[in-house]
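Enquirer: So here's model-v1.cif (mmCIF, C-alpha atoms; chains and numbers go by the auth columns).
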data_input
#
loop_
_atom_site.group_PDB
_atom_site.id
_atom_site.type_symbol
_atom_site.label_atom_id
_atom_site.label_comp_id
_atom_site.label_asym_id
_atom_site.label_seq_id
_atom_site.Cartn_x
_atom_site.Cartn_y
_atom_site.Cartn_z
_atom_site.B_iso_or_equiv
_atom_site.auth_seq_id
_atom_site.auth_asym_id
ATOM 1 C CA MET A 1 86.436 121.120 95.493 0.00 1 H
ATOM 2 C CA ALA A 2 89.790 119.778 94.345 0.00 2 H
ATOM 3 C CA LEU A 3 90.566 116.144 95.135 0.00 3 H
ATOM 4 C CA ILE A 4 93.942 114.448 95.345 0.00 4 H
ATOM 5 C CA SER A 5 94.541 110.724 95.109 0.00 5 H
ATOM 6 C CA ALA A 6 94.983 108.877 98.366 0.00 6 H
ATOM 7 C CA GLY A 7 97.314 106.282 96.866 0.00 7 H
ATOM 8 C CA HIS A 8 96.277 102.689 96.314 0.00 8 H
ATOM 9 C CA GLU A 9 95.304 101.047 99.632 0.00 9 H
ATOM 10 C CA LYS A 10 97.473 103.271 101.825 0.00 10 H
ATOM 11 C CA TRP A 11 94.631 104.786 103.860 0.00 11 H
ATOM 12 C CA PHE A 12 91.335 103.317 105.019 0.00 12 H
ATOM 13 C CA ALA A 13 88.177 104.620 106.634 0.00 13 H
ATOM 14 C CA ARG A 14 87.288 102.594 109.727 0.00 14 H
ATOM 15 C CA PHE A 15 83.606 101.802 110.318 0.00 15 H
ATOM 16 C CA GLU A 16 82.009 100.270 113.384 0.00 16 H
ATOM 17 C CA GLY A 17 80.123 97.057 112.753 0.00 17 H
ATOM 18 C CA GLU A 18 78.023 95.081 115.209 0.00 18 H
ATOM 19 C CA THR A 19 80.952 93.014 116.479 0.00 19 H
ATOM 20 C CA GLU A 20 84.067 94.392 114.784 0.00 20 H
ATOM 21 C CA PHE A 21 85.438 97.187 112.643 0.00 21 H
ATOM 22 C CA GLY A 22 85.307 97.182 108.865 0.00 22 H
ATOM 23 C CA TYR A 23 87.741 99.013 106.598 0.00 23 H
ATOM 24 C CA VAL A 24 87.052 100.737 103.280 0.00 24 H
ATOM 25 C CA PRO A 25 89.860 102.140 101.098 0.00 25 H
ATOM 26 C CA VAL A 26 90.110 105.928 100.975 0.00 26 H
ATOM 27 C CA ILE A 27 89.986 106.910 97.294 0.00 27 H
ATOM 28 C CA ALA A 28 90.818 110.607 97.569 0.00 28 H
ATOM 29 C CA TRP A 29 91.423 113.509 99.942 0.00 29 H
ATOM 30 C CA GLY A 30 89.564 116.781 99.462 0.00 30 H
ATOM 31 C CA ARG A 31 90.171 120.140 101.115 0.00 31 H
ATOM 32 C CA TYR A 32 86.941 121.249 102.743 0.00 32 H
ATOM 33 C CA ASP A 33 87.826 124.704 104.025 0.00 33 H
ATOM 34 C CA GLU A 34 90.331 127.470 103.411 0.00 34 H
ATOM 35 C CA GLY A 35 92.855 125.931 105.808 0.00 35 H
ATOM 36 C CA GLU A 36 94.898 122.755 105.609 0.00 36 H
ATOM 37 C CA ASN A 37 92.053 120.442 106.638 0.00 37 H
ATOM 38 C CA TYR A 38 91.198 117.532 104.362 0.00 38 H
ATOM 39 C CA ARG A 39 88.402 114.969 104.321 0.00 39 H
ATOM 40 C CA ALA A 40 88.785 111.368 103.267 0.00 40 H
ATOM 41 C CA PHE A 41 86.481 110.287 100.445 0.00 41 H
ATOM 42 C CA VAL A 42 85.277 106.712 99.968 0.00 42 H
ATOM 43 C CA LEU A 43 83.243 105.092 97.209 0.00 43 H
ATOM 44 C CA ASP A 44 79.542 104.669 97.977 0.00 44 H
ATOM 45 C CA GLU A 45 78.877 101.249 96.471 0.00 45 H
ATOM 46 C CA ASP A 46 75.130 101.924 96.174 0.00 46 H
ATOM 47 C CA THR A 47 75.424 105.125 94.132 0.00 47 H
ATOM 48 C CA GLY A 48 78.939 104.873 92.690 0.00 48 H
ATOM 49 C CA ASN A 49 79.685 108.379 94.016 0.00 49 H
ATOM 50 C CA LEU A 50 82.537 109.572 96.179 0.00 50 H
ATOM 51 C CA GLU A 51 81.274 110.510 99.641 0.00 51 H
ATOM 52 C CA PRO A 52 83.085 112.040 102.632 0.00 52 H
ATOM 53 C CA ALA A 53 83.861 109.113 104.939 0.00 53 H
ATOM 54 C CA CYS A 54 82.832 111.139 107.982 0.00 54 H
ATOM 55 C CA GLY A 55 79.316 111.429 106.539 0.00 55 H
ATOM 56 C CA VAL A 56 78.776 107.673 106.255 0.00 56 H
ATOM 57 C CA LYS A 57 76.958 105.914 109.108 0.00 57 H
ATOM 58 C CA GLY A 58 79.328 104.150 111.496 0.00 58 H
ATOM 59 C CA PHE A 59 82.447 106.175 110.630 0.00 59 H
ATOM 60 C CA ALA A 60 85.010 105.629 113.382 0.00 60 H
ATOM 61 C CA GLY A 61 88.246 107.157 112.083 0.00 61 H
ATOM 62 C CA ILE A 62 91.091 106.692 109.640 0.00 62 H
ATOM 63 C CA ALA A 63 93.517 103.780 109.593 0.00 63 H
ATOM 64 C CA ASP A 64 96.719 103.194 107.694 0.00 64 H
ATOM 65 C CA ALA A 65 97.598 100.035 105.788 0.00 65 H
ATOM 66 C CA GLU A 66 99.653 98.680 108.711 0.00 66 H
ATOM 67 C CA GLU A 67 96.653 98.742 111.072 0.00 67 H
ATOM 68 C CA VAL A 68 94.504 96.939 108.513 0.00 68 H
ATOM 69 C CA ALA A 69 97.203 94.305 107.951 0.00 69 H
ATOM 70 C CA LEU A 70 97.484 93.684 111.707 0.00 70 H
ATOM 71 C CA VAL A 71 93.719 93.290 112.046 0.00 71 H
ATOM 72 C CA GLU A 72 93.662 90.733 109.244 0.00 72 H
ATOM 73 C CA MET A 73 96.478 88.590 110.740 0.00 73 H
ATOM 74 C CA THR A 74 95.794 85.230 112.340 0.00 74 H
ATOM 75 C CA PRO A 75 96.866 84.754 115.977 0.00 75 H
ATOM 76 C CA GLU A 76 99.940 82.810 114.800 0.00 76 H
ATOM 77 C CA GLU A 77 100.935 85.573 112.386 0.00 77 H
ATOM 78 C CA LEU A 78 100.517 88.163 115.160 0.00 78 H
ATOM 79 C CA ARG A 79 102.817 86.221 117.479 0.00 79 H
ATOM 80 C CA GLU A 80 105.463 86.016 114.746 0.00 80 H
ATOM 81 C CA HIS A 81 105.048 89.732 113.966 0.00 81 H
ATOM 82 C CA HIS A 82 105.604 90.643 117.622 0.00 82 H
ATOM 83 C CA LYS A 83 108.633 88.336 117.906 0.00 83 H
ATOM 84 C CA ARG A 84 110.274 90.026 114.903 0.00 84 H
ATOM 85 C CA GLY A 85 109.556 93.449 116.364 0.00 85 H
ATOM 86 C CA ARG A 86 111.406 92.661 119.634 0.00 86 H
ATOM 87 C CA ARG A 87 114.670 91.627 117.950 0.00 87 H
#
Translate the structure of the given file into structure tokens.
Expert:
Amino acid sequence: MALISAGHEKWFARFEGETEFGYVPVIAWGRYDEGENYRAFVLDEDTGNLEPACGVKGFAGIADAEEVALVEMTPEELREHHKRGRR
């Protein structure tokens, strides 16, 4: 399987935790069939291997860097972000 770089911290795999989502950087994209379908690969910290994100327990989708930045904002930063967006 050929892999292509995902770009540094542009895409993240979203995983469900007990109370909130966690995000892990996507390292590479790999084509998994003859079509145009790609899988996101993340680093398995236990083995050091690249694994398809969809095969890891708790996988809940793909997020871009903007979603992750919004999740990490404080309530004050979110209010300011929304004010700037309305102008």
Enquirer: With distances taken over all atoms listed in the file, which residue among H:Phe41, H:Val26, H:Leu70, H:Phe21 lies nearest His8 of chain H?
Expert: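 Under the stated criterion, the closest residue is H:Val26.
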Enquirer: Which distance in Å separates atom CA of Val68 of chain H and atom CA of Ala28 of chain H, to one decimal?
Expert: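 Computing it gives 17.9 Å between the two atoms.
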Enquirer: Starting from the PyMOL selection byres ((chain H and resi 65) around 6), expand the selection into actual residues of this file and give them as a PDB file with C-alpha atoms, keeping the file's coordinate frame.
Expert:
ATOM      1  CA  LYS H  10      97.473 103.271 101.825  1.00  0.00           C
ATOM      2  CA  TRP H  11      94.631 104.786 103.860  1.00  0.00           C
ATOM      3  CA  ASP H  64      96.719 103.194 107.694  1.00  0.00           C
ATOM      4  CA  GLU H  66      99.653  98.680 108.711  1.00  0.00           C
ATOM      5  CA  GLU H  67      96.653  98.742 111.072  1.00  0.00           C
ATOM      6  CA  VAL H  68      94.504  96.939 108.513  1.00  0.00           C
TER       7      VAL H  68
END
Enquirer: Record the distance separating atom CA of Ala53 of chain H and atom CA of Tyr38 of chain H, expressed in Å with one decimal.
Expert: 11.2 Å
Enquirer: Go through H:Met73, H:Leu78, H:Leu3, H:Ala63 one by one, measure the shortest atom-to-atom distance of each to Pro25 of chain H using all atoms listed in the file, and give the residue with the smallest value.
Expert: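 Of the candidates, the smallest distance to Pro25 of chain H is held by H:Ala63.
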Enquirer: Rounded to one decimal place, report the atom CA of Thr74 of chain H-atom CA of Ala40 of chain H distance in Å.
Expert: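 Distance between the two atoms: 28.5 Å.
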Enquirer: Identify which of the residues H:Ile27, H:Ala6, H:Val71, H:Ala13 lies closest to Asn49 of chain H, counting all atoms listed in the file when measuring atom-to-atom distances.
Expert: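 When distances to Asn49 of chain H are compared using all atoms listed in the file, the smallest one comes from H:Ile27.
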Enquirer: Pick out the closest residue to Gly58 of chain H from this set: H:Gly85, H:Gly22, H:Gly30, H:Gly7. Count only C-alpha atoms.
Expert: H:Gly22
Enquirer: Could you check the closest approach to Ala60 of chain H for each of H:Glu36, H:Glu72, H:Glu20, H:Asp46 and tell me which residue wins, using all atoms listed in the file?
Expert: H:Glu20
Enquirer: I'd like to know which of H:Ala69, H:Arg39, H:Tyr23, H:Gly17 is closest to Pro52 of chain H, using only C-alpha atoms.
Expert: H:Arg39
Enquirer: What box, with edges along x, y and z, holds each listed atom of segment 55-67 of chain H when 4 Å is added on every side, and can you state its centre and edge lengths in Å to one decimal, as lines of an AutoDock Vina configuration file?
Expert:
center_x = 88.3
center_y = 105.1
center_z = 109.6
size_x = 30.7
size_y = 20.7
size_z = 15.6
